[in-house]
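> Can you keep this structure in mind? I'll have questions shortly.
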Amino acid sequence: MAFVDLKGVSLTYRLGKETTLALADATLSIDKGEFIAVVGPSGCGKSTIMKLVTGLLPASSGEVRVSGEVVKGPIKGVGMAFQNPTLMPWRTTMDNILLPMEVVEPHKRRFRSNRAEYEERAMKLLQTVGLADFARRYPWQLSGGMQQRSNLCRALIHEPELLMLDEPFGALDAFTREELWGVMQALWLEKRFTGVLVTHDLREAVYLADTVYVMSKRPGRIVLTRKIDIPRPRSLATTFEPHFVDIVHELRDRISQEHA
Amino acid sequence: MTDFRREALRIAMPWLATAVLLVIWELACIAFDIPEIILPKPSKIFTVFVARFDILMAYCWDTLWTTVIGFLLAIAGGLLLGLAIGASPFIYSGLYPLLIAFNAIPKVALVPILMIWVGVGSLPAVITAFVISFFPIVVNVATGLATIEPEMRDVLRSLGATRTEILTKVGIPRAMPYLFASLKVAITLAFIGSVISETVGGNNGIGFLMLSASARNDAPTTFAGLFAIAIMGVLMYAVCALVEKRMTRWAFRGELVS
């Protein structure tokens, strides 16, 4: 039984009298501990899939199941990271990262009395992303890359079973982005959460994912499912190997058909 | 110019500008031979200000405390209503037109009604200060809440946060800079409110003092009253600005780093 299961899911946005079919008949299943990536032309409903899986948007038709249960409202305890780091400027990096602890059970109940323990845990996470010295700084005192690292930490601190990443590295420069792929992979190898990455960077998708789904242009349909059989841990060197490059080309060809 | 002199000049500028204005005023009065009953010279106003300092202070005190109480009530009420309006689209659509309609009413028209209800004295002044300074606070707090980034909301919702949690963890902190920014506007309006009330129908406060002075054709005292109000307004504004900086340092980013 797959951990996340989408069966014939469609979503129609309604804006006044106009209706837009954003996602058409999506069927996909994600195993527990699997890392998948969704790629496709812009505006194809990639982010819509994320919102459907987390229950932030109700599906117009079809069925979304997470760990066997039909998703009806926002499911709890999911980690989320967007392109915009959405850190709270009035909280230090540490307090930002601890935010899920104040909301998610069972941490919520224990948070006040065990704050030191949680801070230690956050500190460890900050160390793995190389931000240990910046815990007491405010987000606006950090660079874009650092903010995005903190954002990842916040999404992961409560060790969610499901991590949703919506172009989290999209606004970063190429060097920082590639560095954070490594950080992301290391975190995944350690914690083995189920990951859903939405991106339009094909190299990023192939580097991080076990399975890449290619979507058509609007209304989005899944037109290609590609298992990535490259052994882990993958490195930047891997991205230049012929097999890696072949897969990227294969995906790119499929997407350019969409633009034709 | 050295940094030190530049900074010294920056601090001196408001005083210099005020001094220049007063000098021009003084010279204009002398040059055009303006009668005192129409426009007294600043030097004369200053003399009266000093001579009647005790009386002025006593009346100022009345105005100050009525204003501040009205203002504090406006903060409490404005914050509550602003949060309610910003948090719920239903309350928003229900109350917003009413609020705008109410705000369009000239507050001076309310004073006679208030006097029928609660009599003459400090209470009408407190209420007028409250109703006049209430609106900007409500609007600003509601705006602060309404402009929460949707992604921020999504992050919290997918963690399983309740509406109340989203309000306390994001909404309220986020609305704070908007609240404090509105206080600077609201405090000056509160002074206008209480002085209007004292002028239309009061038996104490600086507005009452000015009204009785002008009834005696005592223009210098009337003007001394105006100056007193202006000074109180600037002082209270400064207090609000200080509180704002203290409470929402994060909103001033760059300046905090040093």
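The chains in the structure tokens are called A, B, ... from first to last as shown; in each chain the residues are counted from 1, and the ligands are counted from 1 in the order shown.
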Name the residues in contact with B:Leu80 at a cut-off of 12 Å, using only C-alpha atoms, excluding same-chain residues fewer than 6 positions from it; report them as a PyMOL selection string.
chain B and resi 73-74+86-87+134+137-142+172+175+179
> Filtering to N, CA and C atoms, could you give me those residues as an mmCIF file, in the first residue's frame?

```cif
data_model
loop_
_atom_site.group_PDB
_atom_site.id
_atom_site.type_symbol
_atom_site.label_atom_id
_atom_site.label_comp_id
_atom_site.auth_asym_id
_atom_site.auth_seq_id
_atom_site.Cartn_x
_atom_site.Cartn_y
_atom_site.Cartn_z
ATOM 1 N N LEU B 73 -8.463 53.733 25.381
ATOM 2 C CA LEU B 73 -9.680 52.976 25.056
ATOM 3 C C LEU B 73 -9.729 52.656 23.565
ATOM 4 N N ALA B 74 -9.308 53.639 22.743
ATOM 5 C CA ALA B 74 -9.317 53.432 21.290
ATOM 6 C C ALA B 74 -8.337 52.321 20.904
ATOM 7 N N GLY B 86 -10.009 41.726 10.597
ATOM 8 C CA GLY B 86 -8.943 41.149 9.770
ATOM 9 C C GLY B 86 -9.010 39.638 9.726
ATOM 10 N N ALA B 87 -9.531 39.013 10.788
ATOM 11 C CA ALA B 87 -9.491 37.555 10.868
ATOM 12 C C ALA B 87 -10.688 36.909 10.188
ATOM 13 N N PHE B 134 -10.274 55.962 16.989
ATOM 14 C CA PHE B 134 -10.563 54.554 16.900
ATOM 15 C C PHE B 134 -10.343 54.009 15.484
ATOM 16 N N ILE B 137 -6.865 53.008 13.886
ATOM 17 C CA ILE B 137 -6.306 51.827 14.539
ATOM 18 C C ILE B 137 -6.962 50.562 13.986
ATOM 19 N N VAL B 138 -8.292 50.581 13.897
ATOM 20 C CA VAL B 138 -9.014 49.421 13.358
ATOM 21 C C VAL B 138 -8.519 49.092 11.950
ATOM 22 N N VAL B 139 -8.472 50.123 11.088
ATOM 23 C CA VAL B 139 -8.112 49.888 9.695
ATOM 24 C C VAL B 139 -6.700 49.321 9.592
ATOM 25 N N ASN B 140 -5.775 49.903 10.353
ATOM 26 C CA ASN B 140 -4.398 49.430 10.248
ATOM 27 C C ASN B 140 -4.223 48.010 10.758
ATOM 28 N N VAL B 141 -4.825 47.712 11.898
ATOM 29 C CA VAL B 141 -4.689 46.358 12.437
ATOM 30 C C VAL B 141 -5.294 45.344 11.469
ATOM 31 N N ALA B 142 -6.453 45.684 10.913
ATOM 32 C CA ALA B 142 -7.099 44.777 9.962
ATOM 33 C C ALA B 142 -6.230 44.589 8.725
ATOM 34 N N ILE B 172 -1.156 38.383 14.915
ATOM 35 C CA ILE B 172 -0.945 39.470 15.868
ATOM 36 C C ILE B 172 0.460 40.077 15.754
ATOM 37 N N ALA B 175 0.570 42.184 12.765
ATOM 38 C CA ALA B 175 -0.242 43.404 12.791
ATOM 39 C C ALA B 175 0.383 44.479 13.676
ATOM 40 N N LEU B 179 -0.223 48.470 13.870
ATOM 41 C CA LEU B 179 -0.862 49.089 15.031
ATOM 42 C C LEU B 179 -0.054 50.293 15.490
#
```
> Could you list, with a cut-off of 6 Å and counting only C-alpha atoms, the residues of chain B near chain A, each shown with its nearest atom pair and the distance in Å rounded to one decimal, rows sorted by chain and ascending number, as CSV?

```
residue,atom,partner,partner_atom,distance
B:Met152,CA,A:Thr86,CA,5.7
B:Val155,CA,A:Met80,CA,5.7
B:Ser158,CA,A:Val78,CA,5.4
B:Leu159,CA,A:Gly77,CA,4.1
B:Gly160,CA,A:Lys76,CA,4.2
B:Ala161,CA,A:Val103,CA,5.8
B:Trp250,CA,A:Trp90,CA,5.4
```
> Next, the residues of the selection above should be written as a JSON list (two decimals), in the first residue's frame with C-alpha atoms.

```json
[["chain", "number", "residue", "atom", "x", "y", "z"],
["B", 152, "MET", "CA", 2.94, 31.54, 5.63],
["B", 155, "VAL", "CA", 2.92, 26.38, 6.22],
["B", 158, "SER", "CA", -0.23, 22.03, 6.91],
["B", 159, "LEU", "CA", 1.37, 21.74, 10.34],
["B", 160, "GLY", "CA", -2.14, 21.45, 11.69],
["B", 161, "ALA", "CA", -2.44, 24.89, 13.28],
["B", 250, "TRP", "CA", 12.26, 43.87, 13.57]]
```
> From a backbone DSSP assignment, name each residue in stretch 29-249 of chain A labelled strand (DSSP E), as an MDAnalysis selection string.
chainID A and resid 29:30 35:39 61:66 69:70 79:82 162:166 194:198 211:215 222:227
> Excluding B:Leu64 and its own-chain neighbours fewer than 6 positions away, which residues fall within 12 Å of it when counting only C-alpha atoms? Please give them as a ChimeraX atom specification.
/B:56-58,70-71,122,125-126,129,187-188,190-195,198,204-207,228-233,235-236
> Only C-alpha atoms, please: the residues just picked out, written as a PDB file, in the first residue's frame.

```pdb
ATOM      1  CA  LEU B  56      -2.372  76.777  31.352  1.00  0.00           C
ATOM      2  CA  MET B  57      -0.838  73.738  33.013  1.00  0.00           C
ATOM      3  CA  ALA B  58      -3.992  73.040  34.995  1.00  0.00           C
ATOM      4  CA  GLY B  70      -9.823  58.142  25.167  1.00  0.00           C
ATOM      5  CA  PHE B  71      -6.730  57.117  23.245  1.00  0.00           C
ATOM      6  CA  SER B 122     -14.678  65.317  31.034  1.00  0.00           C
ATOM      7  CA  ALA B 125     -14.137  64.722  25.827  1.00  0.00           C
ATOM      8  CA  VAL B 126     -12.956  61.199  26.598  1.00  0.00           C
ATOM      9  CA  ALA B 129     -11.200  61.392  21.689  1.00  0.00           C
ATOM     10  CA  ILE B 187      -2.877  60.254  19.190  1.00  0.00           C
ATOM     11  CA  THR B 188      -2.983  63.510  17.216  1.00  0.00           C
ATOM     12  CA  ALA B 190      -7.385  62.066  19.925  1.00  0.00           C
ATOM     13  CA  PHE B 191      -6.207  65.581  20.844  1.00  0.00           C
ATOM     14  CA  ILE B 192      -8.404  67.023  18.126  1.00  0.00           C
ATOM     15  CA  GLY B 193     -11.331  65.041  19.538  1.00  0.00           C
ATOM     16  CA  SER B 194     -10.981  66.110  23.129  1.00  0.00           C
ATOM     17  CA  VAL B 195     -10.332  69.762  22.270  1.00  0.00           C
ATOM     18  CA  GLU B 198     -14.120  71.045  25.226  1.00  0.00           C
ATOM     19  CA  ASN B 204     -12.583  72.526  31.607  1.00  0.00           C
ATOM     20  CA  GLY B 205      -9.599  71.682  29.425  1.00  0.00           C
ATOM     21  CA  ILE B 206      -7.533  73.792  27.108  1.00  0.00           C
ATOM     22  CA  GLY B 207     -10.333  74.029  24.551  1.00  0.00           C
ATOM     23  CA  ALA B 228       0.102  74.277  24.443  1.00  0.00           C
ATOM     24  CA  ILE B 229      -1.973  71.817  22.395  1.00  0.00           C
ATOM     25  CA  ALA B 230       0.676  71.691  19.700  1.00  0.00           C
ATOM     26  CA  ILE B 231       3.397  70.994  22.268  1.00  0.00           C
ATOM     27  CA  MET B 232       1.369  68.239  23.916  1.00  0.00           C
ATOM     28  CA  GLY B 233       0.657  66.737  20.491  1.00  0.00           C
ATOM     29  CA  LEU B 235       5.286  65.148  22.923  1.00  0.00           C
ATOM     30  CA  MET B 236       2.672  62.390  22.753  1.00  0.00           C
TER      31      MET B 236
END
```
> Find the residues near A:Met184: any atom within 9 Å, counting only C-alpha atoms, skip ones fewer than 5 places away on the same chain, and give them as a PyMOL selection string.
chain A and resi 129+152+179+189+208
> Write the selection just made, keeping C-alpha atoms, as a PDB file, in the first residue's frame?

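Saved the output as selection_29.pdb:
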```pdb
ATOM      1  CA  VAL A 129      23.007  22.760   7.226  1.00  0.00           C
ATOM      2  CA  LEU A 152      14.338  23.589   5.315  1.00  0.00           C
ATOM      3  CA  GLU A 179      25.171  22.935  -2.540  1.00  0.00           C
ATOM      4  CA  LEU A 189      19.318   9.773   3.584  1.00  0.00           C
ATOM      5  CA  LEU A 208      17.206  14.325  -5.687  1.00  0.00           C
TER       6      LEU A 208
END
```
> Would you mind listing what lies within 9 Å of A:Leu6 as a PyMOL selection string, with only C-alpha atoms counted and same-chain residues fewer than 5 positions away left out?
chain A and resi 26-30+53+62-66
